[in-house]
Amino acid sequence: MRPKTQLDNPNQRLLYEYLSKLSLLQFKQFYCLFVHYWTNYKCFISQQNLFNLWCELNQLCHESDESFPDQYDDYEVIKSFCMTYPYYFIDKLPIPLIADLFAQYTDDTKDVLLNTVKALYEKDLHAAYTYANNALKLNEPIQNLASETHRHIHSFS
């Protein structure tokens with residue numbers, strides 16, 4: 001496993017600290033929230049950094065378990081695996097390592113992401129979605145987002 005990155009700015013370090021404190025369930029909730037806002041609004045991470053993050057997570061999973069598909073052997077196999085097991089890296093890798101990667105690669109609206117994670121850690125998923133929606137000036141149904149997140153995690157766990 002690779003060593004922890006030197007995080008250069010205070011927001012990166014704080015993001016790492018909050019992410020690394022999340023439980024397994026909370027990290028899956030964070031990941032759902034992260035994917036939702038990236039997919040729908042392109043928040044938190046650039047396309048290139050998302051690709052880099054995904055490649056690094058896949059490589060680390062393969063290094064820790066050789067039965068994990070090698071992303072360089074067959075892209076379609078790894079893509080299919082990731083869709084079948086969307087939380088694979090959270091279940092395979094230590095949370096502090098994943099937290100380090102997310103803190104390193106996020107490069108957009110970092111303050112919103114930091115405070116969203118803080119709300120998730122200190123309060124709950126509903127508070128995290130509420131904060132993100134307000135900060136991003138969105139009007140999405142919070143209860144539906146939270147319910148969908150819980151259903152998704154339950155169906156893939």
# chains A, B, ... in the order shown; residues from 1 in each chain; ligands from 1

$ residues_around --residues "Phe81 of chain A" --least-positions-apart "5" --cutoff "12 Å" --atoms "only C-alpha atoms" --output "MDAnalysis selection string"
chainID A and resid 58 67:71 74:76 86:89

$ select_by_dssp --residues "chain A" --states "alpha helix (DSSP H)" --output "ChimeraX atom specification"
/A:10-21,24-41,47-64,75-84,88-92,95-105,110-122,125-135,142-155

$ closest_atom_pairs --of "segment 25-103 of chain A" --to "segment 149-156 of chain A" --cutoff "10 Å" --atoms "only C-alpha atoms" --output "JSON lines"
{"residue": "A:Leu25", "atom": "CA", "partner": "A:Ile153", "partner_atom": "CA", "distance": 8.2}
{"residue": "A:Lys28", "atom": "CA", "partner": "A:Ile153", "partner_atom": "CA", "distance": 7.0}
{"residue": "A:Gln29", "atom": "CA", "partner": "A:Thr149", "partner_atom": "CA", "distance": 6.6}
{"residue": "A:Phe30", "atom": "CA", "partner": "A:Thr149", "partner_atom": "CA", "distance": 9.4}
{"residue": "A:Tyr31", "atom": "CA", "partner": "A:Thr149", "partner_atom": "CA", "distance": 9.5}
{"residue": "A:Cys32", "atom": "CA", "partner": "A:Thr149", "partner_atom": "CA", "distance": 6.3}
{"residue": "A:Leu33", "atom": "CA", "partner": "A:Thr149", "partner_atom": "CA", "distance": 7.7}
{"residue": "A:His36", "atom": "CA", "partner": "A:Thr149", "partner_atom": "CA", "distance": 9.5}
{"residue": "A:Thr84", "atom": "CA", "partner": "A:Phe156", "partner_atom": "CA", "distance": 8.1}
{"residue": "A:Tyr85", "atom": "CA", "partner": "A:Phe156", "partner_atom": "CA", "distance": 6.7}
{"residue": "A:Pro86", "atom": "CA", "partner": "A:Phe156", "partner_atom": "CA", "distance": 7.4}
{"residue": "A:Tyr87", "atom": "CA", "partner": "A:Phe156", "partner_atom": "CA", "distance": 7.7}
{"residue": "A:Tyr88", "atom": "CA", "partner": "A:Phe156", "partner_atom": "CA", "distance": 9.7}

$ residues_around --residues "Glu56 of chain A" --least-positions-apart "6" --cutoff "12 Å" --atoms "only C-alpha atoms" --output "VMD selection string"
chain A and resid 1 to 2 49 to 50 62 to 63 70 to 72 89 93 97 to 98 100 to 102 104 to 105

$ write_last_selection --atoms "N, CA, C and O atoms" --output "mmCIF file, in the first residue's frame"
data_model
loop_
_atom_site.group_PDB
_atom_site.id
_atom_site.type_symbol
_atom_site.label_atom_id
_atom_site.label_comp_id
_atom_site.auth_asym_id
_atom_site.auth_seq_id
_atom_site.Cartn_x
_atom_site.Cartn_y
_atom_site.Cartn_z
ATOM 1 N N MET A 1 0.840 -1.185 0.000
ATOM 2 C CA MET A 1 0.000 0.000 0.000
ATOM 3 C C MET A 1 0.885 1.249 0.000
ATOM 4 O O MET A 1 1.933 1.262 0.617
ATOM 5 N N ARG A 2 0.409 2.250 -0.676
ATOM 6 C CA ARG A 2 1.200 3.470 -0.773
ATOM 7 C C ARG A 2 1.114 4.269 0.523
ATOM 8 O O ARG A 2 0.120 4.198 1.239
ATOM 9 N N ASN A 49 -9.130 14.156 -12.605
ATOM 10 C CA ASN A 49 -8.834 13.682 -11.256
ATOM 11 C C ASN A 49 -9.727 12.520 -10.841
ATOM 12 O O ASN A 49 -9.293 11.632 -10.111
ATOM 13 N N LEU A 50 -10.967 12.503 -11.322
ATOM 14 C CA LEU A 50 -11.838 11.362 -11.057
ATOM 15 C C LEU A 50 -11.252 10.108 -11.694
ATOM 16 O O LEU A 50 -11.191 9.046 -11.073
ATOM 17 N N HIS A 62 -6.251 -4.225 -6.527
ATOM 18 C CA HIS A 62 -5.578 -5.351 -7.187
ATOM 19 C C HIS A 62 -4.309 -5.754 -6.427
ATOM 20 O O HIS A 62 -4.024 -6.946 -6.282
ATOM 21 N N GLU A 63 -3.567 -4.777 -5.936
ATOM 22 C CA GLU A 63 -2.355 -5.078 -5.166
ATOM 23 C C GLU A 63 -2.690 -5.787 -3.860
ATOM 24 O O GLU A 63 -1.934 -6.652 -3.414
ATOM 25 N N ASP A 70 -7.565 -6.773 -12.863
ATOM 26 C CA ASP A 70 -6.521 -5.805 -13.196
ATOM 27 C C ASP A 70 -7.083 -4.846 -14.242
ATOM 28 O O ASP A 70 -7.475 -5.260 -15.330
ATOM 29 N N GLN A 71 -7.096 -3.573 -13.922
ATOM 30 C CA GLN A 71 -7.682 -2.575 -14.811
ATOM 31 C C GLN A 71 -6.956 -2.472 -16.140
ATOM 32 O O GLN A 71 -7.500 -1.965 -17.123
ATOM 33 N N TYR A 72 -5.719 -2.940 -16.202
ATOM 34 C CA TYR A 72 -4.948 -2.837 -17.439
ATOM 35 C C TYR A 72 -5.125 -4.055 -18.330
ATOM 36 O O TYR A 72 -4.735 -4.038 -19.485
ATOM 37 N N PHE A 89 -14.103 -0.750 -3.253
ATOM 38 C CA PHE A 89 -12.868 -0.211 -2.687
ATOM 39 C C PHE A 89 -13.035 0.150 -1.208
ATOM 40 O O PHE A 89 -12.090 0.064 -0.431
ATOM 41 N N LEU A 93 -10.218 -1.665 1.064
ATOM 42 C CA LEU A 93 -9.088 -0.833 1.467
ATOM 43 C C LEU A 93 -9.367 -0.145 2.800
ATOM 44 O O LEU A 93 -10.522 0.126 3.136
ATOM 45 N N LEU A 97 -6.658 5.278 4.039
ATOM 46 C CA LEU A 97 -6.026 5.303 2.715
ATOM 47 C C LEU A 97 -6.973 5.918 1.683
ATOM 48 O O LEU A 97 -6.572 6.776 0.888
ATOM 49 N N ILE A 98 -8.216 5.504 1.708
ATOM 50 C CA ILE A 98 -9.212 6.050 0.775
ATOM 51 C C ILE A 98 -9.421 7.536 1.057
ATOM 52 O O ILE A 98 -9.513 8.344 0.128
ATOM 53 N N ASP A 100 -7.312 9.632 2.237
ATOM 54 C CA ASP A 100 -6.144 10.334 1.722
ATOM 55 C C ASP A 100 -6.281 10.585 0.220
ATOM 56 O O ASP A 100 -6.024 11.689 -0.267
ATOM 57 N N LEU A 101 -6.721 9.584 -0.501
ATOM 58 C CA LEU A 101 -6.875 9.731 -1.957
ATOM 59 C C LEU A 101 -7.960 10.754 -2.304
ATOM 60 O O LEU A 101 -7.766 11.586 -3.195
ATOM 61 N N PHE A 102 -9.092 10.683 -1.627
ATOM 62 C CA PHE A 102 -10.147 11.660 -1.899
ATOM 63 C C PHE A 102 -9.679 13.075 -1.561
ATOM 64 O O PHE A 102 -9.941 14.013 -2.307
ATOM 65 N N GLN A 104 -6.673 14.150 -1.624
ATOM 66 C CA GLN A 104 -5.656 14.510 -2.615
ATOM 67 C C GLN A 104 -6.275 14.896 -3.959
ATOM 68 O O GLN A 104 -5.852 15.863 -4.581
ATOM 69 N N TYR A 105 -7.265 14.155 -4.425
ATOM 70 C CA TYR A 105 -7.771 14.336 -5.789
ATOM 71 C C TYR A 105 -8.924 15.321 -5.934
ATOM 72 O O TYR A 105 -9.183 15.799 -7.030
#

$ closest_residue --among "A:Cys61, A:Leu120, A:Leu14, A:Leu24" --to "Ile95 of chain A" --atoms "only C-alpha atoms"
A:Leu24

$ closest_residue --among "A:Gln59, A:Ser80, A:Ser46, A:Thr39" --to "Lys110 of chain A" --atoms "only C-alpha atoms"
A:Ser46

$ atom_distance --atom1 "atom CA of Ile45 of chain A" --atom2 "atom CA of Leu113 of chain A"
10.0 Å

$ closest_residue --among "A:Leu145, A:Ile90, A:Val112, A:Cys43" --to "Ala132 of chain A" --atoms "only C-alpha atoms"
A:Val112

$ closest_residue --among "A:Pro96, A:Lys21, A:Cys82, A:Tyr41" --to "Asn133 of chain A" --atoms "only C-alpha atoms"
A:Tyr41

$ residues_around --residues "Lys118 of chain A" --least-positions-apart "2" --cutoff "12 Å" --atoms "only C-alpha atoms" --output "VMD selection string"
chain A and resid 11 14 to 22 26 to 27 30 111 to 116 120 to 125 127 to 129 131 to 132

$ atom_distance --atom1 "atom CA of Pro94 of chain A" --atom2 "atom CA of Asp108 of chain A"
24.4 Å

$ closest_residue --among "A:Asn139, A:Thr130, A:Asn144, A:Thr106" --to "Gln47 of chain A" --atoms "only C-alpha atoms"
A:Thr106
